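Enquirer: Quick one: the structure is below, and I'll ask about it shortly.
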Amino acid sequence: MKKHIGFVMLLIALLIPVYAQAATPRRPKVLPYINFSGTTATCSVSVTGDSTKDTISLTAKLYDGSTCIATWTDSGTCNLNFSKTKTVQSGKTYKLTADVTINGTALGTTSATGTCP
Amino acid sequence: MDELFKQAADEYLNAISESLPQPEDCPHTFDKRFEKQMGRLIAKTAHPLRTAMLRAAASFAAVLLLFGSVLAVDVNAREAFLGWVKEQSTSFSHFVFKGEHTGLDSAQFYPGWIPDGCTLYDCYPIQNGQTFLYSNDCVDVLSFIYTSSPENLEVYIYTEACSQETLTVSGYEAQLFIPWDATEASDLVWQDSHGTLFLVSGKCDKTVLIQFAENILKK
Amino acid sequence: MLVYMSLMDSTDDRTKFERVYQSYKGLMFYTANRILNNPQDAEDAVHTAFVKIAENISKIQEAVCPKTKAFVVTIVENTAIDLYRKKKRCDTIDFPEDLPGAPVDLENGTALAACMARLPARYRQVLLLKYSYGFSNKELARLLGITEANAVKLNQRAKQKFQELCEEEGVPL
């Protein structure tokens, strides 16, 4: 009986819509960039906020086709310059995605694509 | 003590509500721009999905029209637009360089004029370009970013809930994205004939953005 | 789809918002214009205020009532002051919190209400939003466009200033 009640409560909790408070959006400038040197991919993201108090969070992922081969996170205030490297394969096309959150509000996914020579 | 503040706040609200004029005693004819802005806000609150789709369709149509008219009219502009191309996603406008990467400008640029009250906050290189950040006492940031047509780089500007205006900066066609919320930053974007994309953003009047843009100097 | 795109989730909220807009837009313009003395700027401030009202529509119980009337005036006073600061480019005001805001004219207020009226507008707004309308520090921060830490500090300063005014006026706390 308790298990049933617990399951029903969980179902109800999942079905209740989450009324997220709409936040005043910030307007960042996001520049994702992928560069290759030999078989080393340098994945960079530059994020610029509107205020010196803006808190910025970044989740960057590198994809080989549909497979995510690397995930990184970073954070900063006002602006963020992120750069990481990953060994990749010659001739393949890679996609760098950047999910940016400013002051707690997620602002969508940006991306850049490049082919390793 | 919190009860005291609540009591004071409630008593003030009761008193102010009585001392304020009645809404019907404050007639005002709002201008068309306001009515249009409020119409959009009300539509967005009433039908958010439909409004988003309509706006995306309108933006796409506007981009097609702009490209069509520019390409038809001006050869120089056609060459420039074959450089950086604007694409649209739900919330962002993003610029991708699709032109030739040979013979491109590696010149360096810097602001020749800074608005009163702004001081340099940060400055750092980005791929084939630079970012300059200026701040004022109100912690607002005025940013200047340029990048000269690198491969595999995209420039994303958050343009949701914005109106768009086309104007001229230093002889080049520019796009000005003005948020409906006047407290948010506007973005001014243009490219020159050498494949360099410029972006100036800030919470200031468009005349300030344009003056800043027109005074960018080459080293 | 970003949260900003769906400011309100229920049909009731949307109807409530429209009723608030129709009922109070004139009064809000009147209030903003008293601060800004410029009809164009006042209309901009009113529009910004309605964006914030839409974001916080859940704080309004009844579309047309004295509490809502005071709420919309508080919000537009805040947006008008922000616009005023921006227009003056912050170079004539050392402490933005000290701006008096729209002239306040209490006819039959209590002593506590009178002390509230003497507060600088920014402090008064914070106390009203927090204690009458139930805004959390996080919600206050979002509404005022400041960090949560600054919202906490602003609240503390507002309470302190209020207590000082009450002591000056001999109002028992």
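Just remember, in the structure tokens the first chain shown is A, the second B, etc., residues are 1-based per chain, and ligands are 1-based in the order shown.
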When you look at Cys204 (chain B) with a cut-off of 8 Å (counting only C-alpha atoms), what residues show up, excluding the ones that are within fewer than 6 positions of it in the same chain? I need them as a PyMOL selection string.
Expert: (chain B and resi 185-186) or (chain C and resi 86)
Enquirer: Residues within 9 Å of Val88 (chain A), please, as a list in words. Count only C-alpha atoms; anything in the same chain fewer than 2 positions from it doesn't count.
Expert: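 Those residues are Phe36, Gly38, Thr39, Thr40, Ala41, Asp64, Lys86, Ser90, Lys92, Tyr94 and Cys116 of chain A.
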Enquirer: Would you mind exporting the chosen residues as an mmCIF file, in the first residue's frame, restricted to N, CA and C atoms?
Expert:
data_model
loop_
_atom_site.group_PDB
_atom_site.id
_atom_site.type_symbol
_atom_site.label_atom_id
_atom_site.label_comp_id
_atom_site.auth_asym_id
_atom_site.auth_seq_id
_atom_site.Cartn_x
_atom_site.Cartn_y
_atom_site.Cartn_z
ATOM 1 N N PHE A 36 42.090 23.253 -35.017
ATOM 2 C CA PHE A 36 42.838 21.987 -35.045
ATOM 3 C C PHE A 36 44.318 22.248 -35.301
ATOM 4 N N GLY A 38 47.256 19.567 -35.950
ATOM 5 C CA GLY A 38 47.491 18.118 -36.042
ATOM 6 C C GLY A 38 46.202 17.415 -35.664
ATOM 7 N N THR A 39 46.300 16.514 -34.679
ATOM 8 C CA THR A 39 45.083 15.814 -34.218
ATOM 9 C C THR A 39 44.654 16.326 -32.840
ATOM 10 N N THR A 40 45.047 17.555 -32.549
ATOM 11 C CA THR A 40 44.593 18.164 -31.293
ATOM 12 C C THR A 40 43.564 19.238 -31.614
ATOM 13 N N ALA A 41 42.383 19.035 -31.058
ATOM 14 C CA ALA A 41 41.327 20.042 -31.229
ATOM 15 C C ALA A 41 41.367 20.974 -30.018
ATOM 16 N N ASP A 64 31.519 13.824 -31.703
ATOM 17 C CA ASP A 64 31.975 13.158 -32.919
ATOM 18 C C ASP A 64 30.710 12.495 -33.467
ATOM 19 N N LYS A 86 41.509 18.445 -26.922
ATOM 20 C CA LYS A 86 41.116 17.023 -26.950
ATOM 21 C C LYS A 86 41.779 16.403 -28.178
ATOM 22 N N SER A 90 41.991 12.579 -37.567
ATOM 23 C CA SER A 90 42.111 13.331 -38.804
ATOM 24 C C SER A 90 40.964 12.969 -39.757
ATOM 25 N N LYS A 92 37.857 13.740 -39.595
ATOM 26 C CA LYS A 92 36.497 13.693 -39.010
ATOM 27 C C LYS A 92 35.993 15.099 -38.697
ATOM 28 N N TYR A 94 33.847 17.547 -36.238
ATOM 29 C CA TYR A 94 33.478 17.623 -34.827
ATOM 30 C C TYR A 94 32.613 18.855 -34.572
ATOM 31 N N CYS A 116 38.787 18.125 -38.743
ATOM 32 C CA CYS A 116 40.210 17.970 -38.475
ATOM 33 C C CYS A 116 40.917 17.603 -39.791
#
Enquirer: Provide the CA of Thr101 (chain A) to CA of Lys86 (chain B) distance in Å, to one decimal place.
Expert: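 Between CA of Thr101 (chain A) and CA of Lys86 (chain B) the gap is 23.0 Å.
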Enquirer: Can you tell me, as a PDB file with N, CA and C atoms, in the first residue's frame, what residues are no more than 7 Å from Thr31 (chain C) when counting only C-alpha atoms, ignoring any on the same chain fewer than 3 positions away?
Expert:
ATOM      1  N   LEU C  27      -2.671  55.519 -14.831  1.00  0.00           N
ATOM      2  CA  LEU C  27      -2.114  55.866 -13.529  1.00  0.00           C
ATOM      3  C   LEU C  27      -0.600  55.645 -13.522  1.00  0.00           C
ATOM      4  N   MET C  28      -0.178  54.581 -14.156  1.00  0.00           N
ATOM      5  CA  MET C  28       1.260  54.283 -14.209  1.00  0.00           C
ATOM      6  C   MET C  28       1.990  55.348 -15.026  1.00  0.00           C
ATOM      7  N   ARG C  34       5.700  61.938 -13.478  1.00  0.00           N
ATOM      8  CA  ARG C  34       6.036  62.818 -12.358  1.00  0.00           C
ATOM      9  C   ARG C  34       7.526  62.713 -12.023  1.00  0.00           C
ATOM     10  N   ILE C  35       8.106  61.560 -12.271  1.00  0.00           N
ATOM     11  CA  ILE C  35       9.531  61.359 -12.012  1.00  0.00           C
ATOM     12  C   ILE C  35      10.365  61.831 -13.201  1.00  0.00           C
ATOM     13  N   VAL C  73       2.030  50.830  -9.063  1.00  0.00           N
ATOM     14  CA  VAL C  73       2.692  52.129  -8.883  1.00  0.00           C
ATOM     15  C   VAL C  73       4.121  51.921  -8.356  1.00  0.00           C
ATOM     16  N   GLU C  77       7.348  53.071 -10.468  1.00  0.00           N
ATOM     17  CA  GLU C  77       8.256  54.015  -9.815  1.00  0.00           C
ATOM     18  C   GLU C  77       9.685  53.488  -9.926  1.00  0.00           C
ATOM     19  N   ALA C 102       8.669  59.392  -6.936  1.00  0.00           N
ATOM     20  CA  ALA C 102       7.499  60.243  -7.174  1.00  0.00           C
ATOM     21  C   ALA C 102       7.101  60.909  -5.863  1.00  0.00           C
TER      22      ALA C 102
END
Enquirer: Taking only C-alpha atoms into account, what are the residues of chain B at most 6 Å from chain A, put as number ranges by chain?
Expert: B: 139-141, 152-158
Enquirer: Using only C-alpha atoms, find each residue in chain B having at least one atom no more than 6 Å away from chain C; report its shortest atom-to-atom pair and that distance in Å (one decimal), rows by chain then rising number, as a Markdown table.
Expert:
| residue | atom | partner | partner_atom | distance |
| --- | --- | --- | --- | --- |
| B:Lys6 | CA | C:Tyr131 | CA | 4.8 |
| B:Ala8 | CA | C:Leu112 | CA | 5.1 |
| B:Ala9 | CA | C:Leu128 | CA | 5.3 |
| B:Asp10 | CA | C:Ser132 | CA | 5.9 |
| B:Glu11 | CA | C:Ala113 | CA | 5.5 |
| B:Tyr12 | CA | C:Ala113 | CA | 4.2 |
| B:Ala15 | CA | C:Gly109 | CA | 5.2 |
| B:Ser17 | CA | C:Pro66 | CA | 5.6 |
| B:Ser19 | CA | C:Leu106 | CA | 5.9 |
| B:Pro23 | CA | C:Leu27 | CA | 5.1 |
| B:Cys26 | CA | C:Gly26 | CA | 5.1 |
| B:Pro27 | CA | C:Gly26 | CA | 5.6 |
| B:His28 | CA | C:Gly26 | CA | 5.8 |
| B:Thr45 | CA | C:Leu7 | CA | 5.9 |
| B:Ala46 | CA | C:Arg14 | CA | 5.8 |
| B:Pro48 | CA | C:Ser6 | CA | 5.5 |
| B:Asp181 | CA | C:Thr48 | CA | 5.6 |
Enquirer: Mind checking DSSP for region 11-117 of chain A and telling me the helix (DSSP H, G or I) residues as a ChimeraX atom specification?
Expert: /A:11-15
Enquirer: Let me see the file: selected residues, C-alpha atoms, as an mmCIF file, in the first residue's frame.
Expert:
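Listing of result_17.cif after writing:
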data_model
loop_
_atom_site.group_PDB
_atom_site.id
_atom_site.type_symbol
_atom_site.label_atom_id
_atom_site.label_comp_id
_atom_site.auth_asym_id
_atom_site.auth_seq_id
_atom_site.Cartn_x
_atom_site.Cartn_y
_atom_site.Cartn_z
ATOM 1 C CA LEU A 11 3.581 10.321 -10.698
ATOM 2 C CA ILE A 12 1.684 13.368 -9.453
ATOM 3 C CA ALA A 13 4.928 15.231 -8.786
ATOM 4 C CA LEU A 14 6.097 14.509 -12.321
ATOM 5 C CA LEU A 15 2.800 15.622 -13.794
#
